[in-house]
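**Q** Below is the file upload07.csv, with CSV, C-alpha atoms.
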chain,number,residue,atom,x,y,z
A,102,VAL,CA,89.9,106.0,101.3
A,103,GLY,CA,89.4,102.3,101.6
A,104,ALA,CA,92.9,101.7,103.1
A,105,THR,CA,93.5,99.4,106.0
A,106,TYR,CA,95.2,100.6,109.2
A,107,ALA,CA,98.3,98.6,108.1
A,108,GLN,CA,98.4,100.3,104.7
A,109,TYR,CA,97.8,103.7,106.2
A,110,ALA,CA,100.6,103.4,108.7
A,111,ARG,CA,103.1,101.8,106.3
A,112,ARG,CA,102.4,104.6,103.7
A,113,GLY,CA,103.2,107.2,106.4
A,114,PHE,CA,106.4,105.5,107.4
A,115,PHE,CA,107.8,105.0,103.9
A,116,GLU,CA,106.8,108.5,102.8
A,117,LEU,CA,108.7,109.9,105.8
A,118,ALA,CA,111.8,107.7,105.1
A,119,LEU,CA,111.8,108.6,101.4
A,120,VAL,CA,111.4,112.3,101.9
A,121,ALA,CA,114.1,112.4,104.7
A,122,ALA,CA,116.5,110.4,102.4
A,123,LEU,CA,116.0,113.1,99.7
A,124,ILE,CA,115.9,116.3,101.8
A,125,LEU,CA,118.8,115.8,104.3
A,126,PRO,CA,121.5,114.7,101.8
A,127,MET,CA,120.4,117.5,99.4
A,128,GLN,CA,120.8,120.1,102.1
A,129,LEU,CA,124.2,118.7,103.0
A,130,LEU,CA,125.3,119.1,99.4
A,131,PHE,CA,123.9,122.7,99.1
A,132,ASP,CA,125.6,123.6,102.4
A,133,ALA,CA,129.0,122.3,101.0
A,134,TRP,CA,128.4,124.1,97.7
A,135,LEU,CA,127.6,127.4,99.5
A,136,SER,CA,130.5,127.1,101.9
A,137,LYS,CA,132.3,130.0,100.2
A,138,ALA,CA,129.3,131.9,99.1
A,139,SER,CA,128.3,135.4,100.4
A,140,PRO,CA,126.8,135.7,103.9
A,141,LEU,CA,123.5,136.7,102.4
A,142,SER,CA,123.3,133.6,100.2
A,143,ARG,CA,124.1,131.4,103.2
A,144,ARG,CA,121.4,133.2,105.2
A,145,TRP,CA,118.8,132.5,102.5
A,146,PHE,CA,119.9,128.8,102.4
A,147,GLN,CA,119.5,128.5,106.2
A,148,VAL,CA,116.1,130.1,106.2
A,149,MET,CA,114.8,128.0,103.3
A,150,GLY,CA,116.5,124.9,104.8
A,151,ALA,CA,114.7,125.5,108.2
A,152,ILE,CA,111.4,125.9,106.5
A,153,GLN,CA,112.0,122.6,104.5
A,154,SER,CA,113.1,120.8,107.7
A,155,GLY,CA,110.0,122.1,109.5
A,156,LEU,CA,107.8,120.6,106.8
A,157,LEU,CA,109.7,117.4,107.1
A,158,LEU,CA,108.9,117.4,110.8
A,159,CYS,CA,105.2,117.8,109.9
A,160,ILE,CA,105.5,114.6,107.8
A,161,LEU,CA,107.1,112.9,110.7
A,162,ALA,CA,104.3,113.9,113.0
A,163,SER,CA,101.8,112.5,110.5
A,164,ALA,CA,103.7,109.2,110.3
A,165,ALA,CA,103.9,109.0,114.1
A,166,HIS,CA,100.1,109.7,114.4
A,167,ARG,CA,99.3,107.0,111.8
A,168,MET,CA,101.5,104.5,113.7
A,169,ALA,CA,99.8,105.5,117.0
A,170,LEU,CA,96.4,104.8,115.5
A,171,TYR,CA,97.6,101.5,114.1
A,172,LEU,CA,99.0,100.4,117.5
A,173,GLY,CA,95.8,101.6,119.3
A,174,VAL,CA,93.7,99.3,117.2
A,175,TYR,CA,95.8,96.2,116.7
A,176,GLY,CA,98.5,96.4,119.4
A,177,MET,CA,102.2,96.0,119.3
A,178,THR,CA,104.4,93.6,117.3
A,179,GLN,CA,108.1,93.4,116.7
A,180,LEU,CA,107.9,95.1,113.3
A,181,ARG,CA,105.7,97.9,114.6
A,182,PHE,CA,108.0,98.4,117.5
A,183,TYR,CA,111.1,98.7,115.3
A,184,ALA,CA,109.3,101.0,112.9
A,185,SER,CA,108.3,103.3,115.8
A,186,ALA,CA,112.0,103.3,116.9
A,187,GLY,CA,112.9,104.2,113.3
A,188,ILE,CA,110.5,107.1,113.3
A,189,LEU,CA,112.1,108.3,116.6
A,190,TRP,CA,115.6,108.1,115.1
A,191,ILE,CA,114.6,110.0,112.0
A,192,GLY,CA,113.1,112.7,114.2
A,193,LEU,CA,116.3,113.0,116.2
A,194,THR,CA,118.4,113.1,113.0
A,195,ILE,CA,116.2,116.0,111.6
A,196,LEU,CA,116.6,118.0,114.8
A,197,TRP,CA,120.4,117.4,114.9
A,198,HIS,CA,120.6,118.4,111.2
A,199,MET,CA,118.8,121.7,112.0
A,200,ALA,CA,121.2,122.3,115.0
A,201,THR,CA,124.4,121.6,113.0
A,202,VAL,CA,124.1,121.9,109.2
A,203,LEU,CA,121.8,124.9,109.3
A,204,ARG,CA,124.0,126.7,111.9
A,205,ASN,CA,127.3,126.3,110.0
A,206,HIS,CA,128.5,123.2,111.8
A,207,ARG,CA,128.2,120.6,109.0
A,208,GLU,CA,131.2,118.6,110.2
A,209,ARG,CA,129.4,117.6,113.4
A,210,PHE,CA,126.3,116.2,111.7
A,211,ILE,CA,127.6,112.7,110.6
A,212,LEU,CA,129.2,111.9,113.9
A,213,GLY,CA,126.1,113.0,115.9
A,214,ALA,CA,123.7,111.0,113.6
A,215,LEU,CA,125.8,107.9,114.0
A,216,THR,CA,126.0,108.4,117.8
A,217,SER,CA,122.3,108.8,118.1
A,218,ALA,CA,121.7,105.6,116.0
A,219,ILE,CA,124.1,103.6,118.2
A,220,ALA,CA,122.6,105.1,121.4
A,221,LEU,CA,119.0,104.2,120.3
A,222,PHE,CA,120.1,100.7,119.3
A,223,LEU,CA,121.6,100.1,122.8
A,224,ALA,CA,118.5,101.6,124.5
A,225,VAL,CA,116.2,99.4,122.5
A,226,GLN,CA,118.1,96.3,123.5
A,227,ALA,CA,118.2,97.4,127.1
A,228,ILE,CA,114.4,97.8,127.4
A,229,ASN,CA,113.8,94.2,126.3
A,230,PRO,CA,111.6,94.6,123.2
A,231,ASP,CA,109.8,91.3,123.4
A,232,GLY,CA,108.9,91.8,127.1
A,233,LEU,CA,107.7,95.3,126.3
A,234,ILE,CA,105.6,94.1,123.4
A,235,ALA,CA,104.0,91.5,125.7
A,236,ARG,CA,103.3,94.0,128.4
A,237,ILE,CA,101.8,96.5,126.0
A,238,ASN,CA,99.4,94.0,124.4
A,239,ILE,CA,98.3,92.6,127.8
A,240,LEU,CA,97.9,96.1,129.3
A,241,ARG,CA,95.6,97.0,126.4
A,242,ILE,CA,93.1,94.4,127.5
A,243,ALA,CA,93.6,95.3,131.1
A,244,GLY,CA,93.0,98.9,130.4
A,245,ASP,CA,89.9,98.1,128.4
A,246,GLN,CA,88.5,96.1,131.2
A,247,THR,CA,89.2,98.9,133.7
A,248,GLU,CA,87.8,101.6,131.5
A,249,ARG,CA,84.6,99.6,131.1
A,250,MET,CA,84.2,99.2,134.8
A,251,LEU,CA,85.0,102.9,135.6
A,252,SER,CA,82.8,104.2,132.9
A,253,VAL,CA,79.7,103.5,135.0
A,254,ALA,CA,80.9,105.6,137.9
A,255,PRO,CA,78.0,107.6,139.5
A,256,GLY,CA,77.8,111.3,138.4
A,257,SER,CA,80.0,110.9,135.4
A,258,ASN,CA,77.3,110.0,132.9
A,259,GLY,CA,79.1,106.7,132.7
A,260,LEU,CA,76.1,104.7,131.5
A,261,ASP,CA,76.2,106.5,128.1
A,262,ILE,CA,79.9,105.9,127.9
A,263,TYR,CA,79.4,102.2,128.8
A,264,ARG,CA,76.7,101.8,126.2
A,265,ALA,CA,79.0,103.3,123.5
A,266,LYS,CA,81.9,101.1,124.4
A,267,LYS,CA,79.7,98.0,124.7
A,268,SER,CA,78.6,98.5,121.1
A,269,SER,CA,82.3,98.3,120.0
A,270,ALA,CA,84.4,95.2,120.1
A,271,PRO,CA,86.7,94.9,123.0
A,272,PHE,CA,90.5,94.5,122.6
A,273,GLN,CA,91.5,90.9,121.8
A,274,LEU,CA,94.8,89.3,122.9
A,275,ASP,CA,96.5,87.2,120.3
A,276,ILE,CA,97.8,84.3,122.3
A,277,SER,CA,99.4,82.6,119.3
A,278,TYR,CA,101.5,85.7,118.7
A,279,LEU,CA,102.6,85.9,122.3
A,280,GLN,CA,103.9,82.4,122.0
A,281,THR,CA,106.2,83.3,119.0
A,282,LEU,CA,108.0,85.9,121.1
A,283,SER,CA,111.4,85.0,122.6
A,284,THR,CA,111.9,83.9,126.2
A,285,ASP,CA,112.4,87.6,127.1
A,286,ALA,CA,108.6,87.9,127.1
A,287,ILE,CA,108.0,85.0,129.5
A,288,PRO,CA,108.0,87.1,132.8
A,289,ALA,CA,105.6,89.6,131.3
A,290,ILE,CA,103.3,86.9,129.9
A,291,LYS,CA,103.3,85.2,133.3
A,292,ALA,CA,102.4,88.4,135.2
A,293,GLY,CA,99.6,89.2,132.8
A,294,GLN,CA,97.6,86.0,133.1
A,295,GLU,CA,95.1,87.6,135.5
A,296,TYR,CA,93.8,89.8,132.7
A,297,MET,CA,93.2,87.0,130.2
A,298,THR,CA,90.0,85.1,129.5
A,299,PRO,CA,89.8,81.6,131.2
A,300,ASN,CA,90.5,79.8,127.9
A,301,ASP,CA,93.5,82.1,127.1
A,302,ARG,CA,94.8,81.8,130.7
A,303,ALA,CA,94.7,78.0,130.5
A,304,ALA,CA,96.5,77.9,127.2
A,305,ILE,CA,99.2,80.3,128.4
A,306,HIS,CA,99.6,78.4,131.6
A,307,GLU,CA,100.2,75.1,129.8
A,308,TYR,CA,102.6,76.9,127.5
A,309,LEU,CA,104.5,78.4,130.4
A,310,VAL,CA,104.9,75.0,132.1
A,311,GLY,CA,107.4,74.1,129.4
A,312,PHE,CA,109.8,76.7,130.8
A,313,ASP,CA,109.8,75.5,134.3
A,314,GLY,CA,113.4,74.4,134.9
A,315,PHE,CA,114.3,75.8,131.5
A,316,ALA,CA,117.7,77.0,132.7
A,317,ASP,CA,118.6,73.8,134.6
A,318,ASP,CA,119.4,71.8,131.5
A,319,ALA,CA,121.4,74.6,129.8
A,320,ARG,CA,125.1,74.3,129.4
A,321,VAL,CA,127.5,77.1,130.3
A,322,ARG,CA,127.9,78.1,126.6
A,323,THR,CA,124.1,78.3,126.1
A,324,TRP,CA,123.2,80.0,129.3
A,325,SER,CA,121.6,83.4,129.0
A,326,TRP,CA,119.9,85.9,131.2
A,327,SER,CA,116.7,85.5,129.1
A,328,ARG,CA,116.6,81.7,129.8
A,329,TRP,CA,117.3,82.2,133.5
A,330,THR,CA,114.6,84.8,134.0
A,331,ALA,CA,112.1,82.7,132.0
A,332,SER,CA,112.9,79.7,134.2
A,333,LYS,CA,112.6,81.7,137.5
A,334,ALA,CA,109.3,83.3,136.4
A,335,THR,CA,107.7,79.9,135.7
A,336,GLU,CA,109.3,78.0,138.6
A,337,GLY,CA,107.0,75.6,140.3
A,338,LEU,CA,104.1,75.8,137.7
A,339,VAL,CA,101.8,72.9,137.4
A,340,SER,CA,99.9,72.0,134.3
A,341,ALA,CA,96.3,73.4,134.2
A,342,VAL,CA,95.2,69.9,133.0
A,343,SER,CA,96.2,67.2,135.4
A,344,GLY,CA,98.4,64.5,133.7
A,345,ARG,CA,98.5,66.4,130.5
A,346,VAL,CA,102.2,67.2,130.7
A,347,GLU,CA,104.5,64.6,132.3
A,348,ASP,CA,107.8,66.1,131.1
A,349,PRO,CA,108.2,69.8,130.7
A,350,SER,CA,111.1,69.2,128.2
A,351,VAL,CA,108.5,67.8,125.8
A,352,LEU,CA,106.6,71.1,125.8
A,353,ARG,CA,109.9,73.0,125.2
A,354,GLU,CA,110.6,70.9,122.1
A,355,ASP,CA,107.0,71.4,120.9
A,356,TYR,CA,107.5,75.2,121.4
A,357,PHE,CA,110.7,75.4,119.4
A,358,ALA,CA,109.3,73.2,116.6
A,359,ALA,CA,106.1,75.4,116.4
A,360,SER,CA,108.2,78.5,116.4
A,361,ARG,CA,110.2,77.3,113.4
A,362,GLN,CA,107.2,76.3,111.5
A,363,ALA,CA,104.9,79.1,112.5
A,364,SER,CA,102.9,80.6,109.7
A,365,ILE,CA,102.0,83.7,111.6
A,366,HIS,CA,104.3,86.6,110.9
A,367,PRO,CA,104.5,89.6,113.3
A,368,TRP,CA,103.6,92.1,110.6
A,369,LYS,CA,100.4,90.3,109.7
A,370,VAL,CA,99.0,89.8,113.2
A,371,TYR,CA,95.9,92.0,113.8
A,372,SER,CA,96.7,94.1,110.7
A,373,GLY,CA,93.4,93.7,109.1
A,374,GLU,CA,94.9,91.7,106.2
A,375,GLY,CA,93.9,88.3,107.2
Please go through the file and, once you have read it, give me the structure as structure tokens.

**A**
Amino acid sequence: VGATYAQYARRGFFELALVAALILPMQLLFDAWLSKASPLSRRWFQVMGAIQSGLLLCILASAAHRMALYLGVYGMTQLRFYASAGILWIGLTILWHMATVLRNHRERFILGALTSAIALFLAVQAINPDGLIARINILRIAGDQTERMLSVAPGSNGLDIYRAKKSSAPFQLDISYLQTLSTDAIPAIKAGQEYMTPNDRAAIHEYLVGFDGFADDARVRTWSWSRWTASKATEGLVSAVSGRVEDPSVLREDYFAASRQASIHPWKVYSGEG
């Protein structure tokens, strides 16, 4: 009662992490201790361990639901993305624990848990987190606009739906936060301009101009796929304000200076805390 969405989601995540950190090692120790116990004793341990792990999965479902509510209201940030990935890994670890430790294959648990952590880490890097964050936040406003238009479809009682949605505030896109993301997000930001308000579109357009030719002045040792895709996505852009930008490299320097001095942190954006 009285908690913000941020507090509600964080509490769910840390409760899950704490309980998992207590339950799983404890069950490993009990399994080792009962390795030479009678079959009946081991059977009782497995039954009680399965019940305990099932309750732990309920806590995980609650934490995932809280995070989903948080994301639905305030959108995605880097911290929320990695917290969601952490919840996924904890869930995989619990299921692997049940499939090994509670079935007399304790020696397989550690290797499987480490393998899943490495696999998830590689998968997270492969899907381009910053690009995904930008797409999710932009698609939120695109979906809100589409839903508002479709809600007035004839025969679907859409007028009532439209009135209900009109009374609530529409999703807002935090342009300042998008500009703190890495160059991995540039193609997604460029593609999502059509869903932005005119003011946001103009601000983003001028921001993107600074990446036109971004890869041309990069040396071999500083070249990266991210820089190259950002440059290709913004190739040929012209400033929204004629004469405002004479040299794109000036914007690039301003961008990096602003990034270093930014006072906006990912975990505070749209968190209801300020």

**Q** Between A:Thr335, A:Ser327, A:Gln226, A:Ser154, which has the minimum distance to Met199 in chain A (counting all atoms listed in the file)?

**A**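 Of the candidates, the smallest distance to Met199 in chain A is held by A:Ser154.
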
**Q** Compile the contact shell of Asp132 in chain A as a PDB file with C-alpha atoms, in the coordinates of the input: residues with an atom at most 10 Å away, counting only C-alpha atoms, same-chain residues fewer than 5 positions apart removed.

**A**
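In the end it all went to selection11.pdb:
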ATOM      1  CA  PRO A 126     121.500 114.700 101.800  1.00  0.00           C
ATOM      2  CA  MET A 127     120.400 117.500  99.400  1.00  0.00           C
ATOM      3  CA  LYS A 137     132.300 130.000 100.200  1.00  0.00           C
ATOM      4  CA  ALA A 138     129.300 131.900  99.100  1.00  0.00           C
ATOM      5  CA  ARG A 143     124.100 131.400 103.200  1.00  0.00           C
ATOM      6  CA  PHE A 146     119.900 128.800 102.400  1.00  0.00           C
ATOM      7  CA  GLN A 147     119.500 128.500 106.200  1.00  0.00           C
ATOM      8  CA  GLY A 150     116.500 124.900 104.800  1.00  0.00           C
ATOM      9  CA  VAL A 202     124.100 121.900 109.200  1.00  0.00           C
ATOM     10  CA  LEU A 203     121.800 124.900 109.300  1.00  0.00           C
ATOM     11  CA  ASN A 205     127.300 126.300 110.000  1.00  0.00           C
ATOM     12  CA  HIS A 206     128.500 123.200 111.800  1.00  0.00           C
ATOM     13  CA  ARG A 207     128.200 120.600 109.000  1.00  0.00           C
TER      14      ARG A 207
END

**Q** When you look at Ser185 in chain A with a cut-off of 9 Å (counting all atoms listed in the file), what residues show up, excluding the ones that are within fewer than 5 positions of it in the same chain? I need them as an NGL selection string.

**A** :A and (114 or 165 or 168-169 or 180 or 190)

**Q** Have a look at A:Leu221, A:Ile276, A:Ile287, A:Ile237 and name the one nearest to Glu336 in chain A; count only C-alpha atoms.

**A**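 Result for the nearest residue to Glu336 in chain A: A:Ile287.
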
**Q** Ranking A:Leu223, A:Val148, A:Leu123, A:Val174 by minimum distance to Ala186 in chain A and counting all atoms listed in the file, which one comes first?

**A**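 So, comparing all the options, the nearest one is A:Leu223.
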
**Q** Here is a test: counting all atoms listed in the file, which residue of A:Leu274, A:Ile191, A:Val225, A:Ala289 is nearest to Arg241 in chain A?

**A** A:Leu274

**Q** How far is it from CA of Ala214 in chain A to CA of Leu189 in chain A, in Å with one decimal?

**A** 12.3 Å

**Q** Which one of A:Gly176, A:Gly192, A:Gly187, A:Pro299 sits closest to Ile239 in chain A if you count all atoms listed in the file?

**A**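 Closest residue, counting all atoms listed in the file: A:Gly176.
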